[in-house]
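Presented below is the structure to which this report refers.
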Amino acid sequence: MKNIFKFLAVCAIALSATVTQAQDESNKWAFSIGMNAIDLYPVGEADQGLGDYFENFFDVDSYNIIPAPSRIQVGYYVGDGIVATGALAVNNIDRVGESSIDAVTYFSADAGLQYGFRNLIKKNGVLDPFVGLGGGYNWVDSEGFGTFNGTVGIDFYFSENIAFNLQTTYKHAFEDANPKHFQHVAGLKFTWGGTDTDGDGVYDNVDACPNVAGLEQFMGCPDSDKDGIEDSKDNCPNAFGPAESMGCPDTDGDGTLDKDDNCVNEAGPAYNNGCPDPDSDGDGVLDSKDKCKMVAGPASNNGCPTDRDNDGVVDADDKCPDVAGIASLAGCPKPAAPTAQEQAQLNAYAKTILFDTAKANIKAESAKVLSDITAILKKYPSAKFSIDGHTDSVGSATFNQKLSDSRANEVKNYLIKNGIEENRLTSVGYGEARPVGDNKTRAGRAQNRRVEINLMN
């Protein structure tokens with residue numbers, strides 16, 4: 001039985017450390033009332049004329065029960081799926097196993113912690129199995145004694161606030177002279193405490209818009225035009241529109257949203273505010289097809305002046321007219337740089353760099369991934385990179401800013417020491433300012449603690 005206690009304790013501690021769901025996040029209070037049955041037989045003392053552990057465990061003939069509500073319990077949700085409980089019970093004991101004895105009165109007062117598995121099975125589901133640990137004080141007639149308690153049970157919810165409760169508690173007496181026993185319980189549990197100001201079915205404590213009725217899928221916030229986009233993220237909250245245009249319509253289908261379209265019912269290019277196509281430079285090429293709208297050019301060259309290397313930069317403005325390049329570099333080629341796949345790989349590697357907790361020291365196990373990063377950077381000797389440090393929101397913003405600066409700089413120094421030229425690297429820390437995940441969750445915070453390596457030129 002000691003091993004069973006250890007197992008229950010380990011389960012409760014491990015789950016409370018990894019799961020953030022609650023037995024009843026909104027309704028923190030619970031009250032239970034029911035009947036209790038005391039069984040002194042299957043307690044592992046065969047040498048005392050009793051049964052081994054769990055022997056005849058389900059033999060109701062050995063249960064001591066009074067035909068009335070005989071136990072009450074109050075519970076309060078304290079966080080991380082854990083409920084603190086206190087209970088009082090009364091009973092009348094006149095049998096041990098199937099043997100009758102002179103009747104004695106039984107009282108108990110118990111307290112402990114329970115951990116519910118309801119949201120591991122299904123969010124707000126019907127079943128809520130739980131385990132618990134605690135202690136109590138019991139009186140058999142005038143004799144009092146303490147016990148260490150281990151509980152397993154299950155609640156069956158048949159409405160949001162009412163459940164049928166079944167549980168059994170093994171009570172291990174601290175002294176051999178006092179009786180070990182099981183206390184079985186069946187009854188009803190009632191939960192309360194939640195507030196729903198706007199009456200939308202989403203409790204205020206999880207309602208992002210507690211004073212405006214909304215939808216559960218949007219955490220209680222409204223979708224006024226019913227286009228599947230909540231109002232706060234809908235650029236046109238009162239006009240039905242698709243998600244790809246942030247909820248705004250485009251009546252004439254010309255790619256210019258109605259809110260920006262000067263000709264809502266006539267298709268036209270965006271540069272002309274959605275109105276029909278003009279020819280601004282008079283070269284016979286309509287602006288929608290003219291790549292040089294304000295400079296005349298032949299249709300064969302898309303309305304632009306001559307462009308020998310066909311890079312979209314006219315020769316007059318092209319510093320490399322015989323070599324295709326990009327406009328941002330005046331028509332010259334972009335320096336050799338990592339491919340999009342390599343850039344993605346760089347950041348995938350960077351996010352796995354490990355540091356000592358709350359410090360900038362790089363852990364030794366990160367040497368392999370830093371070696372892989374160095375290899376990619378050495379392939380592009382003319383490319384420059386920014387090393388960006390980020391943290392989650394745990395701790396002060398000032399500390400997080402310093403920590404992100406230090407970690408980014410530590411990675412930069414490592415790369416320099418391993419052959420990357422210093423003038424190719426910069427480092428900057430953003431602290432908690434640029435999260436990519438939800439800082440309210442463990443997974444989100446893990447995503448936010450990262451280093452990124454980004455191409456600068």
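Going by the structure tokens order, chains are called A, B, ..., each with residues numbered from 1, while ligands are numbered from 1 in the order shown.
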Would you please give, as a count of residues only, all residues of range 127-354 of chain A that DSSP assigns to alpha helix (DSSP H) based on the backbone?
11
For range 141-152 of chain A, list every protein, DNA or RNA residue within 9 Å, evaluated using only C-alpha atoms, and leave out those in the same chain fewer than 6 positions away; present the list as a PDB file with C-alpha atoms, in the first residue's frame.
ATOM      1  CA  ILE A   4       0.220   2.871  -4.012  1.00  0.00           C
ATOM      2  CA  PHE A   5       0.561   6.089  -2.002  1.00  0.00           C
ATOM      3  CA  LEU A   8      -0.639   8.568  -6.391  1.00  0.00           C
ATOM      4  CA  VAL A 104     -20.278   2.256  17.710  1.00  0.00           C
ATOM      5  CA  THR A 105     -20.554   5.795  16.363  1.00  0.00           C
ATOM      6  CA  TYR A 106     -18.101   6.992  13.708  1.00  0.00           C
ATOM      7  CA  PHE A 107     -17.190  10.606  12.868  1.00  0.00           C
ATOM      8  CA  ASP A 110     -10.809  15.200   6.407  1.00  0.00           C
ATOM      9  CA  ALA A 111      -8.864  17.665   4.250  1.00  0.00           C
ATOM     10  CA  GLY A 112      -6.649  17.261   1.224  1.00  0.00           C
ATOM     11  CA  GLN A 114      -7.460  16.425  -5.461  1.00  0.00           C
ATOM     12  CA  PRO A 129     -11.727  11.039 -12.858  1.00  0.00           C
ATOM     13  CA  PHE A 130      -9.567  12.297  -9.998  1.00  0.00           C
ATOM     14  CA  VAL A 131      -6.994  11.277  -7.411  1.00  0.00           C
ATOM     15  CA  GLY A 132      -6.342  12.845  -4.044  1.00  0.00           C
ATOM     16  CA  LEU A 133      -4.027  12.879  -1.055  1.00  0.00           C
ATOM     17  CA  GLY A 134      -4.637  14.274   2.388  1.00  0.00           C
ATOM     18  CA  GLY A 135      -5.230  13.524   6.014  1.00  0.00           C
ATOM     19  CA  LEU A 166     -18.355   8.301  -6.657  1.00  0.00           C
ATOM     20  CA  GLN A 167     -15.113   7.940  -4.716  1.00  0.00           C
ATOM     21  CA  THR A 168     -13.274   5.706  -2.297  1.00  0.00           C
ATOM     22  CA  THR A 169     -10.685   6.724   0.266  1.00  0.00           C
ATOM     23  CA  TYR A 170      -8.212   4.459   2.016  1.00  0.00           C
ATOM     24  CA  LYS A 171      -7.512   5.798   5.528  1.00  0.00           C
ATOM     25  CA  HIS A 172      -4.264   4.539   6.989  1.00  0.00           C
ATOM     26  CA  ALA A 173      -4.114   4.965  10.783  1.00  0.00           C
ATOM     27  CA  PHE A 174      -0.840   6.315  12.130  1.00  0.00           C
ATOM     28  CA  GLU A 175      -0.895   3.837  15.016  1.00  0.00           C
ATOM     29  CA  ASN A 178      -6.360   2.228  15.479  1.00  0.00           C
ATOM     30  CA  PRO A 179      -8.408   0.756  12.636  1.00  0.00           C
ATOM     31  CA  LYS A 180      -7.348   1.181   9.022  1.00  0.00           C
TER      32      LYS A 180
END
To one decimal place, how far is CA of Ala109 in chain A from CA of Tyr41 in chain A in Å?
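Atom-to-atom, CA of Ala109 in chain A and CA of Tyr41 in chain A are spaced 21.1 Å apart.
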Which residues are close to range 188-202 of chain A, i.e. within 10 Å by only C-alpha atoms, leaving aside same-chain residues fewer than 6 positions away? Reply as a PyMOL selection string.
chain A and resi 24-35+72-76+155-157+159-166+208-222
Written selection (N, CA and C atoms) as a short mmCIF file (atom, residue, chain, number, x, y, z; two decimals), in the first residue's frame:
data_model
loop_
_atom_site.label_atom_id
_atom_site.label_comp_id
_atom_site.auth_asym_id
_atom_site.auth_seq_id
_atom_site.Cartn_x
_atom_site.Cartn_y
_atom_site.Cartn_z
N ASP A 24 -12.74 22.78 -12.87
CA ASP A 24 -13.79 23.71 -13.24
C ASP A 24 -13.21 25.11 -13.15
N GLU A 25 -12.64 25.58 -14.22
CA GLU A 25 -11.90 26.84 -14.23
C GLU A 25 -12.79 28.02 -13.86
N SER A 26 -14.03 28.00 -14.31
CA SER A 26 -14.92 29.13 -14.07
C SER A 26 -15.64 29.03 -12.74
N ASN A 27 -16.15 27.85 -12.43
CA ASN A 27 -16.87 27.65 -11.18
C ASN A 27 -15.93 27.03 -10.16
N LYS A 28 -15.31 27.88 -9.37
CA LYS A 28 -14.24 27.43 -8.47
C LYS A 28 -14.76 26.69 -7.24
N TRP A 29 -15.98 26.99 -6.82
CA TRP A 29 -16.50 26.35 -5.60
C TRP A 29 -17.31 25.10 -5.93
N ALA A 30 -17.25 24.12 -5.05
CA ALA A 30 -18.06 22.90 -5.21
C ALA A 30 -18.53 22.44 -3.83
N PHE A 31 -19.77 21.97 -3.79
CA PHE A 31 -20.34 21.41 -2.56
C PHE A 31 -20.90 20.04 -2.88
N SER A 32 -20.56 19.04 -2.08
CA SER A 32 -21.02 17.67 -2.30
C SER A 32 -21.78 17.18 -1.08
N ILE A 33 -22.83 16.41 -1.34
CA ILE A 33 -23.58 15.78 -0.25
C ILE A 33 -23.93 14.36 -0.69
N GLY A 34 -23.81 13.41 0.22
CA GLY A 34 -24.10 12.04 -0.16
C GLY A 34 -24.00 11.09 1.02
N MET A 35 -23.95 9.82 0.70
CA MET A 35 -23.86 8.76 1.71
C MET A 35 -22.44 8.21 1.73
N ILE A 72 -20.67 15.45 3.89
CA ILE A 72 -20.65 16.68 3.09
C ILE A 72 -19.19 17.05 2.80
N GLN A 73 -18.99 17.70 1.68
CA GLN A 73 -17.63 18.11 1.30
C GLN A 73 -17.70 19.46 0.59
N VAL A 74 -16.73 20.30 0.87
CA VAL A 74 -16.58 21.59 0.18
C VAL A 74 -15.23 21.57 -0.55
N GLY A 75 -15.23 22.01 -1.81
CA GLY A 75 -13.99 22.07 -2.58
C GLY A 75 -13.78 23.45 -3.16
N TYR A 76 -12.51 23.84 -3.31
CA TYR A 76 -12.17 25.13 -3.94
C TYR A 76 -11.01 24.92 -4.90
N ASP A 155 -16.35 11.90 -11.18
CA ASP A 155 -17.58 12.69 -11.23
C ASP A 155 -18.20 12.52 -12.61
N PHE A 156 -19.52 12.28 -12.64
CA PHE A 156 -20.26 12.18 -13.90
C PHE A 156 -21.12 13.43 -14.03
N TYR A 157 -20.74 14.35 -14.93
CA TYR A 157 -21.49 15.60 -15.08
C TYR A 157 -22.69 15.38 -16.00
N SER A 159 -25.00 18.00 -16.05
CA SER A 159 -25.23 19.38 -16.46
C SER A 159 -23.93 20.12 -16.15
N GLU A 160 -23.87 21.39 -16.55
CA GLU A 160 -22.61 22.13 -16.38
C GLU A 160 -22.21 22.24 -14.92
N ASN A 161 -23.19 22.31 -14.02
CA ASN A 161 -22.89 22.59 -12.62
C ASN A 161 -23.27 21.47 -11.65
N ILE A 162 -23.74 20.32 -12.16
CA ILE A 162 -24.17 19.23 -11.28
C ILE A 162 -23.53 17.93 -11.75
N ALA A 163 -22.97 17.18 -10.80
CA ALA A 163 -22.34 15.91 -11.14
C ALA A 163 -22.72 14.84 -10.11
N PHE A 164 -22.74 13.59 -10.56
CA PHE A 164 -22.87 12.46 -9.64
C PHE A 164 -21.46 12.03 -9.24
N ASN A 165 -21.22 11.95 -7.95
CA ASN A 165 -19.89 11.71 -7.42
C ASN A 165 -19.76 10.31 -6.82
N LEU A 166 -18.72 9.58 -7.26
CA LEU A 166 -18.36 8.30 -6.66
C LEU A 166 -16.88 8.36 -6.30
N ALA A 208 -13.09 37.39 -23.44
CA ALA A 208 -12.27 38.54 -23.85
C ALA A 208 -13.12 39.79 -24.04
N CYS A 209 -14.43 39.62 -24.16
CA CYS A 209 -15.35 40.76 -24.31
C CYS A 209 -16.50 40.56 -23.33
N PRO A 210 -16.25 40.71 -22.01
CA PRO A 210 -17.25 40.33 -21.01
C PRO A 210 -18.51 41.17 -21.00
N ASN A 211 -18.49 42.34 -21.63
CA ASN A 211 -19.66 43.22 -21.61
C ASN A 211 -20.40 43.26 -22.94
N VAL A 212 -19.96 42.45 -23.91
CA VAL A 212 -20.60 42.38 -25.21
C VAL A 212 -20.83 40.92 -25.55
N ALA A 213 -22.07 40.55 -25.84
CA ALA A 213 -22.37 39.15 -26.16
C ALA A 213 -21.64 38.73 -27.43
N GLY A 214 -21.05 37.54 -27.37
CA GLY A 214 -20.28 37.06 -28.51
C GLY A 214 -20.38 35.55 -28.63
N LEU A 215 -19.38 34.97 -29.28
CA LEU A 215 -19.37 33.55 -29.57
C LEU A 215 -18.27 32.86 -28.78
N GLU A 216 -18.53 31.60 -28.39
CA GLU A 216 -17.54 30.83 -27.64
C GLU A 216 -16.26 30.66 -28.45
N GLN A 217 -16.39 30.45 -29.78
CA GLN A 217 -15.20 30.22 -30.60
C GLN A 217 -14.27 31.43 -30.64
N PHE A 218 -14.79 32.61 -30.30
CA PHE A 218 -13.98 33.83 -30.27
C PHE A 218 -13.80 34.33 -28.85
N MET A 219 -13.85 33.41 -27.87
CA MET A 219 -13.67 33.74 -26.46
C MET A 219 -14.65 34.82 -26.02
N GLY A 220 -15.90 34.70 -26.51
CA GLY A 220 -16.95 35.61 -26.07
C GLY A 220 -17.02 36.93 -26.81
N CYS A 221 -16.21 37.11 -27.84
CA CYS A 221 -16.24 38.36 -28.61
C CYS A 221 -17.17 38.19 -29.82
N PRO A 222 -17.76 39.31 -30.32
CA PRO A 222 -18.78 39.21 -31.36
C PRO A 222 -18.23 39.10 -32.78
#
Nearest to Ser427 in chain A: which of A:Asp322, A:Glu452, A:Asp388, A:Asp39 is it, counting only C-alpha atoms?
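Going through A:Asp322, A:Glu452, A:Asp388, A:Asp39 one by one, the smallest distance to Ser427 in chain A is for A:Asp388.
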Contacts of Asp311 in chain A at 7 Å (only C-alpha atoms; same-chain gap of 5+ positions) as an mmCIF file with N, CA and C atoms, in the first residue's frame:
data_model
loop_
_atom_site.group_PDB
_atom_site.id
_atom_site.type_symbol
_atom_site.label_atom_id
_atom_site.label_comp_id
_atom_site.auth_asym_id
_atom_site.auth_seq_id
_atom_site.Cartn_x
_atom_site.Cartn_y
_atom_site.Cartn_z
ATOM 1 N N ALA A 324 21.286 40.737 -65.560
ATOM 2 C CA ALA A 324 19.997 40.846 -64.884
ATOM 3 C C ALA A 324 20.185 40.972 -63.378
ATOM 4 N N GLY A 325 19.420 41.927 -62.811
ATOM 5 C CA GLY A 325 19.524 42.158 -61.367
ATOM 6 C C GLY A 325 18.162 42.462 -60.775
ATOM 7 N N ILE A 326 18.164 43.212 -59.680
ATOM 8 C CA ILE A 326 16.910 43.552 -59.005
ATOM 9 C C ILE A 326 16.825 45.062 -58.843
ATOM 10 N N GLY A 331 19.284 47.391 -60.550
ATOM 11 C CA GLY A 331 19.455 46.487 -61.668
ATOM 12 C C GLY A 331 20.632 45.547 -61.571
#
